[in-house]
file model_1.cif (mmCIF, C-alpha atoms and all ligand atoms)
data_entry
loop_
_atom_site.group_PDB
_atom_site.id
_atom_site.type_symbol
_atom_site.label_atom_id
_atom_site.label_comp_id
_atom_site.auth_asym_id
_atom_site.auth_seq_id
_atom_site.Cartn_x
_atom_site.Cartn_y
_atom_site.Cartn_z
ATOM 1 C CA MET A 1 119.274 109.334 69.088
ATOM 2 C CA GLY A 2 122.395 110.790 70.728
ATOM 3 C CA ASP A 3 122.187 113.758 68.394
ATOM 4 C CA ILE A 4 118.560 114.518 69.098
ATOM 5 C CA ARG A 5 119.194 114.454 72.839
ATOM 6 C CA ALA A 6 122.012 116.975 72.386
ATOM 7 C CA GLU A 7 119.751 119.131 70.204
ATOM 8 C CA ILE A 8 117.012 119.044 72.858
ATOM 9 C CA ALA A 9 119.521 119.971 75.577
ATOM 10 C CA ALA A 10 120.791 122.960 73.570
ATOM 11 C CA LEU A 11 117.291 124.165 72.621
ATOM 12 C CA ARG A 12 116.061 123.805 76.189
ATOM 13 C CA LYS A 13 118.817 126.161 77.338
ATOM 14 C CA GLU A 14 118.231 128.604 74.512
ATOM 15 C CA ARG A 15 114.460 128.799 75.219
ATOM 16 C CA ASP A 16 114.820 128.735 79.009
ATOM 17 C CA ALA A 17 112.521 125.708 79.033
ATOM 18 C CA VAL A 18 111.812 122.955 81.496
ATOM 19 C CA ILE A 19 110.638 119.515 80.318
ATOM 20 C CA LEU A 20 108.058 117.809 82.530
ATOM 21 C CA ALA A 21 106.995 114.202 81.866
ATOM 22 C CA HIS A 22 104.361 111.930 83.348
ATOM 23 C CA THR A 23 105.468 108.438 84.354
ATOM 24 C CA TYR A 24 103.250 106.919 81.610
ATOM 25 C CA GLN A 25 105.370 108.565 78.895
ATOM 26 C CA PRO A 26 107.702 106.449 76.740
ATOM 27 C CA GLY A 27 111.000 105.664 78.539
ATOM 28 C CA ALA A 28 113.104 107.814 76.166
ATOM 29 C CA VAL A 29 110.854 110.822 76.872
ATOM 30 C CA GLN A 30 111.046 110.299 80.645
ATOM 31 C CA ASP A 31 114.851 110.049 80.383
ATOM 32 C CA CYS A 32 115.197 113.436 78.707
ATOM 33 C CA ALA A 33 112.857 115.257 81.146
ATOM 34 C CA ASP A 34 113.949 117.592 83.958
ATOM 35 C CA TYR A 35 111.178 116.256 86.159
ATOM 36 C CA VAL A 36 109.226 112.999 85.964
ATOM 37 C CA GLY A 37 106.240 112.460 88.208
ATOM 38 C CA ASP A 38 102.572 111.761 88.788
ATOM 39 C CA SER A 39 99.775 114.270 88.167
ATOM 40 C CA TYR A 40 100.136 115.819 91.610
ATOM 41 C CA GLY A 41 103.935 116.138 91.495
ATOM 42 C CA LEU A 42 103.749 117.609 88.013
ATOM 43 C CA SER A 43 101.142 120.187 89.131
ATOM 44 C CA VAL A 44 103.358 121.255 92.022
ATOM 45 C CA GLU A 45 106.436 121.419 89.799
ATOM 46 C CA ALA A 46 104.525 123.434 87.183
ATOM 47 C CA SER A 47 103.354 125.906 89.822
ATOM 48 C CA ARG A 48 106.922 126.454 91.045
ATOM 49 C CA THR A 49 109.099 126.478 87.960
ATOM 50 C CA ALA A 50 111.030 129.632 87.127
ATOM 51 C CA ALA A 51 111.587 128.549 83.500
ATOM 52 C CA SER A 52 109.890 130.684 80.821
ATOM 53 C CA VAL A 53 108.583 127.714 78.844
ATOM 54 C CA ILE A 54 107.128 124.417 80.077
ATOM 55 C CA ILE A 55 107.243 121.527 77.608
ATOM 56 C CA PHE A 56 104.566 119.222 78.983
ATOM 57 C CA CYS A 57 105.000 115.582 78.003
ATOM 58 C CA GLY A 58 101.652 114.172 78.969
ATOM 59 C CA VAL A 59 98.031 114.689 77.961
ATOM 60 C CA ARG A 60 96.055 117.913 77.481
ATOM 61 C CA PHE A 61 94.437 118.206 80.922
ATOM 62 C CA MET A 62 97.891 118.067 82.517
ATOM 63 C CA ALA A 63 99.267 120.846 80.296
ATOM 64 C CA GLU A 64 96.119 122.901 80.961
ATOM 65 C CA THR A 65 96.638 122.431 84.704
ATOM 66 C CA ALA A 66 100.235 123.650 84.380
ATOM 67 C CA ALA A 67 99.058 126.702 82.402
ATOM 68 C CA ILE A 68 96.380 127.550 84.985
ATOM 69 C CA LEU A 69 98.807 127.191 87.899
ATOM 70 C CA ASN A 70 101.522 129.230 86.237
ATOM 71 C CA PRO A 71 99.844 131.701 83.855
ATOM 72 C CA SER A 72 102.972 133.756 83.220
ATOM 73 C CA ARG A 73 104.677 130.758 81.543
ATOM 74 C CA THR A 74 104.142 129.392 78.067
ATOM 75 C CA VAL A 75 103.024 125.759 78.311
ATOM 76 C CA ILE A 76 103.524 123.676 75.187
ATOM 77 C CA LEU A 77 101.954 120.298 74.535
ATOM 78 C CA PRO A 78 104.368 118.623 72.074
ATOM 79 C CA GLU A 79 101.546 116.454 70.684
ATOM 80 C CA PRO A 80 98.391 118.596 70.585
ATOM 81 C CA LEU A 81 96.173 115.579 69.889
ATOM 82 C CA ALA A 82 97.196 113.848 73.126
ATOM 83 C CA GLY A 83 93.962 114.020 75.096
ATOM 84 C CA CYS A 84 92.455 111.951 77.894
ATOM 85 C CA PRO A 85 89.181 110.267 76.886
ATOM 86 C CA MET A 86 88.036 110.239 80.507
ATOM 87 C CA ALA A 87 88.441 114.022 80.783
ATOM 88 C CA ASP A 88 86.098 114.385 77.799
ATOM 89 C CA MET A 89 83.374 112.192 79.321
ATOM 90 C CA ILE A 90 81.628 115.103 81.026
ATOM 91 C CA THR A 91 80.786 118.518 79.592
ATOM 92 C CA ALA A 92 80.282 121.784 81.437
ATOM 93 C CA VAL A 93 76.551 121.659 80.568
ATOM 94 C CA GLU A 94 76.226 118.151 82.043
ATOM 95 C CA LEU A 95 78.006 119.192 85.238
ATOM 96 C CA ALA A 96 75.840 122.308 85.561
ATOM 97 C CA GLU A 97 72.727 120.091 85.246
ATOM 98 C CA LEU A 98 74.095 117.632 87.807
ATOM 99 C CA LYS A 99 74.754 120.483 90.240
ATOM 100 C CA ALA A 100 71.221 121.791 89.709
ATOM 101 C CA ARG A 101 69.840 118.314 90.540
ATOM 102 C CA HIS A 102 71.924 118.145 93.737
ATOM 103 C CA PRO A 103 71.906 121.610 95.287
ATOM 104 C CA GLY A 104 74.046 121.809 98.411
ATOM 105 C CA HIS A 105 76.509 119.149 97.273
ATOM 106 C CA LEU A 106 80.183 120.061 97.005
ATOM 107 C CA VAL A 107 81.800 119.289 93.652
ATOM 108 C CA MET A 108 85.097 117.443 93.683
ATOM 109 C CA CYS A 109 86.715 116.914 90.302
ATOM 110 C CA TYR A 110 89.527 114.595 89.406
ATOM 111 C CA VAL A 111 92.423 116.507 87.821
ATOM 112 C CA ASN A 112 91.743 114.356 84.727
ATOM 113 C CA SER A 113 89.125 116.886 83.610
ATOM 114 C CA THR A 114 88.880 119.926 81.348
ATOM 115 C CA ALA A 115 89.510 123.477 82.565
ATOM 116 C CA GLU A 116 85.726 124.144 82.225
ATOM 117 C CA ILE A 117 84.941 121.291 84.642
ATOM 118 C CA LYS A 118 87.561 122.496 87.113
ATOM 119 C CA ALA A 119 86.025 125.975 86.872
ATOM 120 C CA LEU A 120 82.639 124.568 87.954
ATOM 121 C CA SER A 121 84.110 122.553 90.846
ATOM 122 C CA ASP A 122 84.753 123.413 94.484
ATOM 123 C CA VAL A 123 87.927 121.391 94.757
ATOM 124 C CA CYS A 124 90.157 119.376 92.464
ATOM 125 C CA CYS A 125 92.069 116.201 93.404
ATOM 126 C CA THR A 126 94.515 113.691 91.972
ATOM 127 C CA SER A 127 94.525 109.978 92.668
ATOM 128 C CA SER A 128 97.243 110.545 95.289
ATOM 129 C CA ASN A 129 95.231 112.978 97.418
ATOM 130 C CA ALA A 130 91.550 112.243 96.625
ATOM 131 C CA GLU A 131 90.931 110.318 99.857
ATOM 132 C CA LYS A 132 92.686 112.919 102.004
ATOM 133 C CA ILE A 133 90.722 115.779 100.437
ATOM 134 C CA ALA A 134 87.363 113.982 100.719
ATOM 135 C CA ARG A 135 88.040 113.464 104.436
ATOM 136 C CA LYS A 136 88.739 117.180 104.875
ATOM 137 C CA LEU A 137 85.544 118.426 103.214
ATOM 138 C CA PRO A 138 82.786 119.497 105.660
ATOM 139 C CA ALA A 139 81.194 116.318 107.052
ATOM 140 C CA ASP A 140 77.649 117.653 106.689
ATOM 141 C CA ARG A 141 77.929 118.090 102.909
ATOM 142 C CA SER A 142 77.461 115.394 100.258
ATOM 143 C CA ILE A 143 79.890 115.259 97.342
ATOM 144 C CA ILE A 144 79.452 115.154 93.576
ATOM 145 C CA PHE A 145 82.516 113.401 92.140
ATOM 146 C CA VAL A 146 83.451 113.749 88.441
ATOM 147 C CA PRO A 147 84.391 112.298 86.014
ATOM 148 C CA ASP A 148 85.827 108.902 87.133
ATOM 149 C CA ARG A 149 83.292 106.575 88.744
ATOM 150 C CA HIS A 150 86.039 104.123 89.742
ATOM 151 C CA LEU A 151 88.262 106.604 91.585
ATOM 152 C CA GLY A 152 85.030 108.024 93.028
ATOM 153 C CA SER A 153 83.869 104.628 94.295
ATOM 154 C CA TRP A 154 87.334 104.015 95.767
ATOM 155 C CA VAL A 155 87.114 107.291 97.719
ATOM 156 C CA GLN A 156 83.566 106.408 98.783
ATOM 157 C CA GLU A 157 84.678 102.974 100.064
ATOM 158 C CA ARG A 158 87.624 104.470 101.959
ATOM 159 C CA THR A 159 85.831 107.418 103.528
ATOM 160 C CA GLY A 160 82.173 106.400 103.786
ATOM 161 C CA ARG A 161 81.244 109.814 102.330
ATOM 162 C CA ASP A 162 77.875 110.270 100.649
ATOM 163 C CA MET A 163 78.804 110.717 96.998
ATOM 164 C CA VAL A 164 77.108 111.103 93.627
ATOM 165 C CA LEU A 165 79.424 109.591 91.001
ATOM 166 C CA TRP A 166 79.547 110.587 87.342
ATOM 167 C CA ASP A 167 79.775 107.633 84.975
ATOM 168 C CA GLY A 168 83.213 108.326 83.423
ATOM 169 C CA PHE A 169 86.056 105.837 83.245
ATOM 170 C CA CYS A 170 89.572 105.306 81.938
ATOM 171 C CA PRO A 171 89.526 102.962 78.910
ATOM 172 C CA THR A 172 93.139 101.968 79.608
ATOM 173 C CA HIS A 173 92.587 100.914 83.230
ATOM 174 C CA LEU A 174 89.400 99.095 82.230
ATOM 175 C CA ARG A 175 91.603 96.731 80.221
ATOM 176 C CA ILE A 176 92.702 95.260 83.550
ATOM 177 C CA GLU A 177 90.557 92.216 84.317
ATOM 178 C CA PRO A 178 90.375 90.097 87.481
ATOM 179 C CA GLY A 179 91.659 87.030 85.566
ATOM 180 C CA MET A 180 94.885 88.873 84.686
ATOM 181 C CA ILE A 181 95.647 89.469 88.350
ATOM 182 C CA ILE A 182 94.923 85.847 89.233
ATOM 183 C CA VAL A 183 97.219 84.568 86.451
ATOM 184 C CA ALA A 184 99.983 87.072 87.307
ATOM 185 C CA ARG A 185 99.889 85.998 90.962
ATOM 186 C CA LYS A 186 100.273 82.337 89.916
ATOM 187 C CA GLU A 187 103.229 83.251 87.692
ATOM 188 C CA HIS A 188 104.909 85.355 90.385
ATOM 189 C CA PRO A 189 103.975 83.942 93.789
ATOM 190 C CA GLY A 190 105.195 86.234 96.540
ATOM 191 C CA ALA A 191 104.967 89.356 94.385
ATOM 192 C CA GLU A 192 102.914 92.247 95.716
ATOM 193 C CA VAL A 193 100.079 93.450 93.469
ATOM 194 C CA LEU A 194 99.819 97.254 93.225
ATOM 195 C CA ILE A 195 96.790 98.658 91.417
ATOM 196 C CA HIS A 196 95.651 102.145 90.402
ATOM 197 C CA PRO A 197 92.267 103.358 91.764
ATOM 198 C CA GLU A 198 91.030 103.939 88.178
ATOM 199 C CA ALA A 199 90.716 100.142 87.924
ATOM 200 C CA THR A 200 87.380 98.493 88.749
ATOM 201 C CA HIS A 201 86.311 97.465 92.246
ATOM 202 C CA GLU A 202 86.425 93.769 91.140
ATOM 203 C CA CYS A 203 90.127 94.196 90.324
ATOM 204 C CA ARG A 204 91.006 96.442 93.259
ATOM 205 C CA VAL A 205 89.842 93.879 95.814
ATOM 206 C CA LEU A 206 92.315 91.359 94.358
ATOM 207 C CA ALA A 207 95.310 93.668 94.895
ATOM 208 C CA ASP A 208 97.539 94.151 97.931
ATOM 209 C CA ALA A 209 97.529 97.935 97.664
ATOM 210 C CA VAL A 210 95.553 100.570 95.758
ATOM 211 C CA LEU A 211 97.898 103.436 94.950
ATOM 212 C CA SER A 212 98.399 106.388 92.626
ATOM 213 C CA THR A 213 101.392 106.151 90.301
ATOM 214 C CA GLY A 214 103.459 108.269 92.690
ATOM 215 C CA GLY A 215 102.252 106.099 95.573
ATOM 216 C CA MET A 216 103.398 102.970 93.716
ATOM 217 C CA CYS A 217 106.885 104.461 93.248
ATOM 218 C CA SER A 218 107.325 105.351 96.924
ATOM 219 C CA HIS A 219 105.747 102.088 98.120
ATOM 220 C CA ALA A 220 108.009 99.926 95.929
ATOM 221 C CA ALA A 221 111.117 101.827 97.032
ATOM 222 C CA ALA A 222 110.277 101.509 100.743
ATOM 223 C CA SER A 223 108.955 97.921 100.735
ATOM 224 C CA ASP A 224 111.020 94.893 101.798
ATOM 225 C CA THR A 225 109.294 92.946 99.023
ATOM 226 C CA THR A 226 111.456 92.471 95.943
ATOM 227 C CA GLU A 227 108.821 91.532 93.334
ATOM 228 C CA PHE A 228 105.775 93.523 92.242
ATOM 229 C CA ILE A 229 102.927 93.068 89.786
ATOM 230 C CA ILE A 230 102.004 96.497 88.464
ATOM 231 C CA ALA A 231 98.375 97.024 87.493
ATOM 232 C CA THR A 232 98.459 100.394 85.779
ATOM 233 C CA GLU A 233 99.711 101.882 82.485
ATOM 234 C CA THR A 234 102.928 100.080 81.486
ATOM 235 C CA GLY A 235 104.986 103.313 81.261
ATOM 236 C CA LEU A 236 105.324 103.214 85.049
ATOM 237 C CA LEU A 237 107.544 100.126 84.794
ATOM 238 C CA HIS A 238 110.317 102.340 83.403
ATOM 239 C CA PRO A 239 110.917 104.521 86.499
ATOM 240 C CA LEU A 240 110.169 101.605 88.824
ATOM 241 C CA ARG A 241 112.902 99.470 87.231
ATOM 242 C CA LYS A 242 115.316 102.367 86.835
ATOM 243 C CA ASN A 243 115.029 103.504 90.448
ATOM 244 C CA ASN A 244 114.925 100.051 92.076
ATOM 245 C CA PRO A 245 117.650 98.001 90.367
ATOM 246 C CA GLY A 246 117.513 95.209 92.983
ATOM 247 C CA LYS A 247 113.771 94.610 92.534
ATOM 248 C CA ARG A 248 111.642 93.030 89.807
ATOM 249 C CA PHE A 249 108.499 94.520 88.303
ATOM 250 C CA PHE A 250 105.984 92.728 86.072
ATOM 251 C CA ALA A 251 103.149 94.320 84.123
ATOM 252 C CA VAL A 252 99.788 92.752 84.979
ATOM 253 C CA SER A 253 99.310 92.830 81.189
ATOM 254 C CA GLU A 254 101.397 94.429 78.448
ATOM 255 C CA GLU A 255 98.093 95.634 76.977
ATOM 256 C CA VAL A 256 97.487 98.254 79.630
ATOM 257 C CA VAL A 257 98.770 101.048 77.392
ATOM 258 C CA CYS A 258 97.356 104.580 77.069
ATOM 259 C CA PRO A 259 97.712 105.453 73.371
ATOM 260 C CA ASN A 260 97.518 109.169 74.096
ATOM 261 C CA MET A 261 100.355 109.040 76.602
ATOM 262 C CA LYS A 262 102.465 107.273 74.006
ATOM 263 C CA ARG A 263 102.108 109.955 71.310
ATOM 264 C CA VAL A 264 105.051 112.076 72.480
ATOM 265 C CA THR A 265 108.456 111.284 70.957
ATOM 266 C CA LEU A 266 111.914 112.886 71.142
ATOM 267 C CA PRO A 267 111.402 114.523 67.702
ATOM 268 C CA SER A 268 108.106 116.019 68.900
ATOM 269 C CA ILE A 269 109.890 117.528 71.930
ATOM 270 C CA ARG A 270 112.609 118.950 69.668
ATOM 271 C CA ASN A 271 110.019 120.386 67.284
ATOM 272 C CA ALA A 272 108.077 121.927 70.171
ATOM 273 C CA LEU A 273 111.276 123.607 71.399
ATOM 274 C CA MET A 274 112.077 124.824 67.878
ATOM 275 C CA GLY A 275 108.577 126.230 67.425
ATOM 276 C CA THR A 276 107.883 124.004 64.415
ATOM 277 C CA GLY A 277 105.578 121.634 66.284
ATOM 278 C CA GLY A 278 103.443 121.311 69.364
ATOM 279 C CA ARG A 279 100.864 123.843 70.511
ATOM 280 C CA ALA A 280 100.842 126.390 73.310
ATOM 281 C CA VAL A 281 97.914 125.798 75.667
ATOM 282 C CA THR A 282 95.477 128.700 75.955
ATOM 283 C CA ILE A 283 92.526 128.951 78.336
ATOM 284 C CA ASP A 284 90.178 131.910 78.510
ATOM 285 C CA ARG A 285 90.875 134.163 81.488
ATOM 286 C CA GLU A 286 87.579 133.732 83.322
ATOM 287 C CA THR A 287 87.652 129.922 83.083
ATOM 288 C CA ALA A 288 91.316 129.851 84.150
ATOM 289 C CA ALA A 289 90.659 132.083 87.180
ATOM 290 C CA LYS A 290 87.769 129.880 88.365
ATOM 291 C CA ALA A 291 89.685 126.640 87.694
ATOM 292 C CA LEU A 292 92.644 128.042 89.625
ATOM 293 C CA ARG A 293 90.488 128.274 92.753
ATOM 294 C CA SER A 294 89.719 124.545 92.714
ATOM 295 C CA LEU A 295 93.382 123.705 92.035
ATOM 296 C CA GLU A 296 94.601 125.989 94.827
ATOM 297 C CA ARG A 297 92.140 124.360 97.231
ATOM 298 C CA MET A 298 93.598 121.001 96.211
ATOM 299 C CA LEU A 299 97.149 122.202 96.860
ATOM 300 C CA ALA A 300 96.093 123.621 100.233
ATOM 301 C CA LEU A 301 94.137 120.529 101.386
ATOM 302 C CA GLY A 302 96.030 117.745 99.703
ATOM 303 C CA GLY A 303 99.695 118.664 99.979
HETATM 304 P P1 LIG A 401 98.285 109.736 88.513
HETATM 305 O O1 LIG A 401 97.402 110.732 89.175
HETATM 306 O O2 LIG A 401 98.528 108.534 89.368
HETATM 307 O O3 LIG A 401 99.533 110.380 88.015
HETATM 308 O O4 LIG A 401 97.522 109.155 87.247
HETATM 309 C C1 LIG A 401 97.151 109.975 86.181
HETATM 310 C C2 LIG A 401 96.428 109.227 85.168
HETATM 311 O O5 LIG A 401 96.127 109.706 84.104
HETATM 312 C C3 LIG A 401 96.050 107.883 85.509
HETATM 313 O O6 LIG A 401 95.468 107.272 84.407
HETATM 314 FE FE1 LIG A 402 93.338 109.337 80.659
HETATM 315 FE FE2 LIG A 402 93.440 106.781 81.312
HETATM 316 FE FE3 LIG A 402 95.264 107.766 79.674
HETATM 317 FE FE4 LIG A 402 95.255 108.402 82.289
HETATM 318 S S1 LIG A 402 95.647 106.405 81.383
HETATM 319 S S2 LIG A 402 95.530 109.798 80.570
HETATM 320 S S3 LIG A 402 93.038 108.472 82.679
HETATM 321 S S4 LIG A 402 93.044 107.601 79.285
#

call {"tool": "encode", "arguments": {"input": "model_1.cif", "output": "structure tokens", "more": "lines below"}}
Ligand code: 13P
Ligand code: SF4
result
Amino acid sequence: MGDIRAEIAALRKERDAVILAHTYQPGAVQDCADYVGDSYGLSVEASRTAASVIIFCGVRFMAETAAILNPSRTVILPEPLAGCPMADMITAVELAELKARHPGHLVMCYVNSTAEIKALSDVCCTSSNAEKIARKLPADRSIIFVPDRHLGSWVQERTGRDMVLWDGFCPTHLRIEPGMIIVARKEHPGAEVLIHPEATHECRVLADAVLSTGGMCSHAAASDTTEFIIATETGLLHPLRKNNPGKRFFAVSEEVVCPNMKRVTLPSIRNALMGTGGRAVTIDRETAAKALRSLERMLALGG
């Protein structure tokens, strides 16, 4: 492993590359990245980087977002098959039909969506800024929210906005069940339960705080509490434990794993840097230009 890390470091320099990794990635991948963060942080980092090549350790929609925000860079997905099933739960045709059924509604899309969906939306959001953005949209307009009905219902509960929710969901977060939270609380009395808004309403109401992955990291670091039950993808336990050595973190269930997020390995990063693996993300110009508008609105409203 030592050797492959050295190889990656040398290749990164040679290719003038930056390695970005989501906090759901395997620990070894996070440890070799230049920047580790949530969807929002990664979007911002991708829009700012001066590196010629972005190696995006995450799933396709994230790499697409980086490519749209920084079109002069080459964005490489080390594992081209790493997709997000939720992002594929709505097509451009379905969204166009939904818009036609609800004329006058604004379309807000979760960043976990394809470039085509972003292109048809008024504004994009991540789980860390969805509530803030919904509050800033004109009060006299209703909102179509795609594709995650759970994040959508969370925003609806928090803001009281009139919203039409698409029926998408995250299969990984749906593995979290109320009984798991109840058992985990019994096993770790005094621990705070932090849950991601992609989880169901029945689970969210049992938690102490509903937070994006980035929100969980800042909350855990700032809190006086020393024990936490983490109800999201288990990859997040890695940075939480690494950055908070005096605190203890327990997964609500070890089964909350996103198989797509776990595809990337150190050899796949090396191969992507060598040009023998991975795939550069390409998006047609018109779609990218339209999708950029909804991402730029997100950065303007949700920063
Ligand atoms: P964050 O927006 O919290 O990074 O989450 C992304 C994601 O894919 C959650 O399943
Ligand atoms: Fe998609 Fe869920 Fe995996 Fe996030 S955890 S990438 S929403 S399938």

call {"tool": "residues_near_ligand", "arguments": {"input": "model_1.cif", "ligand": "ligand LIG 401 (chain A)", "cutoff": "8 Å", "atoms": "only C-alpha atoms and all ligand atoms", "output": "list in words"}}
result
His22, Thr23, Gly37, Asp38, Ser39, Tyr40, Cys84, Val111, Asn112, Thr126, Ser127, Ser128, Cys170, Thr172, His173, His196, Glu198, Leu211, Ser212, Thr213, Gly214, Gly215, Thr232 and Glu233 of chain A

call {"tool": "atom_distance", "arguments": {"input": "model_1.cif", "atom1": "CA of Leu120 (chain A)", "atom2": "atom S4 of ligand LIG 402 (chain A)"}}
result
21.7 Å

call {"tool": "resolve_selection", "arguments": {"input": "model_1.cif", "expression": "the PyMOL selection byres (((chain A and resi 202) around 12) and not hetatm)", "output": "PDB file with C-alpha atoms, keeping the file's coordinate frame"}}
result
ATOM      1  CA  HIS A 150      86.039 104.123  89.742  1.00  0.00           C
ATOM      2  CA  SER A 153      83.869 104.628  94.295  1.00  0.00           C
ATOM      3  CA  TRP A 154      87.334 104.015  95.767  1.00  0.00           C
ATOM      4  CA  LEU A 174      89.400  99.095  82.230  1.00  0.00           C
ATOM      5  CA  ILE A 176      92.702  95.260  83.550  1.00  0.00           C
ATOM      6  CA  GLU A 177      90.557  92.216  84.317  1.00  0.00           C
ATOM      7  CA  PRO A 178      90.375  90.097  87.481  1.00  0.00           C
ATOM      8  CA  GLY A 179      91.659  87.030  85.566  1.00  0.00           C
ATOM      9  CA  MET A 180      94.885  88.873  84.686  1.00  0.00           C
ATOM     10  CA  ILE A 181      95.647  89.469  88.350  1.00  0.00           C
ATOM     11  CA  ILE A 182      94.923  85.847  89.233  1.00  0.00           C
ATOM     12  CA  ILE A 195      96.790  98.658  91.417  1.00  0.00           C
ATOM     13  CA  PRO A 197      92.267 103.358  91.764  1.00  0.00           C
ATOM     14  CA  GLU A 198      91.030 103.939  88.178  1.00  0.00           C
ATOM     15  CA  ALA A 199      90.716 100.142  87.924  1.00  0.00           C
ATOM     16  CA  THR A 200      87.380  98.493  88.749  1.00  0.00           C
ATOM     17  CA  HIS A 201      86.311  97.465  92.246  1.00  0.00           C
ATOM     18  CA  CYS A 203      90.127  94.196  90.324  1.00  0.00           C
ATOM     19  CA  ARG A 204      91.006  96.442  93.259  1.00  0.00           C
ATOM     20  CA  VAL A 205      89.842  93.879  95.814  1.00  0.00           C
ATOM     21  CA  LEU A 206      92.315  91.359  94.358  1.00  0.00           C
ATOM     22  CA  ALA A 207      95.310  93.668  94.895  1.00  0.00           C
TER      23      ALA A 207
END

call {"tool": "residues_around", "arguments": {"input": "model_1.cif", "residues": "region 240-247 of chain A", "least_positions_apart": "2", "cutoff": "8 Å", "atoms": "all atoms listed in the file", "output": "MDAnalysis selection string"}}
result
chainID A and resid 217 220:221 226:227 236:238 249

call {"tool": "resolve_selection", "arguments": {"input": "model_1.cif", "expression": "the PyMOL selection byres (((chain A and resi 267) around 10) and not hetatm)", "output": "PyMOL selection string"}}
result
chain A and resi 1+4-5+7-8+29+78+264-266+268-273+277

call {"tool": "closest_residue", "arguments": {"input": "model_1.cif", "among": "A:Ala100, A:Val164, A:Val210, A:Leu299", "to": "Gly41 (chain A)", "atoms": "only C-alpha atoms"}}
result
A:Leu299

call {"tool": "closest_residue", "arguments": {"input": "model_1.cif", "among": "A:Arg185, A:Arg48, A:Arg175, A:Arg293", "to": "ligand LIG 402 (chain A)", "atoms": "only C-alpha atoms and all ligand atoms"}}
result
A:Arg175

call {"tool": "residues_around", "arguments": {"input": "model_1.cif", "residues": "Tyr35 (chain A)", "least_positions_apart": "5", "cutoff": "10 Å", "atoms": "all atoms listed in the file", "output": "count of residues only"}}
result
11

call {"tool": "closest_residue", "arguments": {"input": "model_1.cif", "among": "A:Arg161, A:Arg285, A:Lys118, A:Lys262", "to": "ligand LIG 402 (chain A)", "atoms": "all atoms listed in the file"}}
result
A:Lys262

call {"tool": "decode", "arguments": {"input": "model_1.cif", "residues": "region 179-183 of chain A", "atoms": "all heavy atoms", "output": "PDB file, in the first residue's frame"}}
result
ATOM      1  N   GLY A 179     -36.441   0.946  14.380  1.00  0.00           N
ATOM      2  CA  GLY A 179     -35.974  -0.001  15.409  1.00  0.00           C
ATOM      3  C   GLY A 179     -34.471   0.086  15.630  1.00  0.00           C
ATOM      4  O   GLY A 179     -33.991  -0.089  16.761  1.00  0.00           O
ATOM      5  N   MET A 180     -33.714   0.373  14.586  1.00  0.00           N
ATOM      6  CA  MET A 180     -32.248   0.463  14.719  1.00  0.00           C
ATOM      7  C   MET A 180     -31.870   1.630  15.633  1.00  0.00           C
ATOM      8  O   MET A 180     -30.935   1.535  16.426  1.00  0.00           O
ATOM      9  CB  MET A 180     -31.607   0.713  13.343  1.00  0.00           C
ATOM     10  CG  MET A 180     -31.712  -0.431  12.392  1.00  0.00           C
ATOM     11  SD  MET A 180     -31.089   0.115  10.785  1.00  0.00           S
ATOM     12  CE  MET A 180     -31.265  -1.422   9.877  1.00  0.00           C
ATOM     13  N   ILE A 181     -32.602   2.716  15.488  1.00  0.00           N
ATOM     14  CA  ILE A 181     -32.294   3.907  16.301  1.00  0.00           C
ATOM     15  C   ILE A 181     -32.639   3.624  17.760  1.00  0.00           C
ATOM     16  O   ILE A 181     -31.877   3.951  18.677  1.00  0.00           O
ATOM     17  CB  ILE A 181     -33.049   5.147  15.756  1.00  0.00           C
ATOM     18  CG1 ILE A 181     -32.641   5.386  14.299  1.00  0.00           C
ATOM     19  CG2 ILE A 181     -32.799   6.376  16.624  1.00  0.00           C
ATOM     20  CD1 ILE A 181     -33.412   6.474  13.583  1.00  0.00           C
ATOM     21  N   ILE A 182     -33.775   2.960  17.961  1.00  0.00           N
ATOM     22  CA  ILE A 182     -34.202   2.642  19.331  1.00  0.00           C
ATOM     23  C   ILE A 182     -33.175   1.726  20.004  1.00  0.00           C
ATOM     24  O   ILE A 182     -32.738   1.961  21.132  1.00  0.00           O
ATOM     25  CB  ILE A 182     -35.626   2.022  19.303  1.00  0.00           C
ATOM     26  CG1 ILE A 182     -36.621   3.089  18.818  1.00  0.00           C
ATOM     27  CG2 ILE A 182     -36.029   1.467  20.671  1.00  0.00           C
ATOM     28  CD1 ILE A 182     -37.969   2.570  18.352  1.00  0.00           C
ATOM     29  N   VAL A 183     -32.726   0.700  19.294  1.00  0.00           N
ATOM     30  CA  VAL A 183     -31.735  -0.238  19.852  1.00  0.00           C
ATOM     31  C   VAL A 183     -30.412   0.498  20.116  1.00  0.00           C
ATOM     32  O   VAL A 183     -29.804   0.349  21.178  1.00  0.00           O
ATOM     33  CB  VAL A 183     -31.518  -1.436  18.880  1.00  0.00           C
ATOM     34  CG1 VAL A 183     -30.329  -2.277  19.280  1.00  0.00           C
ATOM     35  CG2 VAL A 183     -32.785  -2.278  18.796  1.00  0.00           C
TER      36      VAL A 183
END
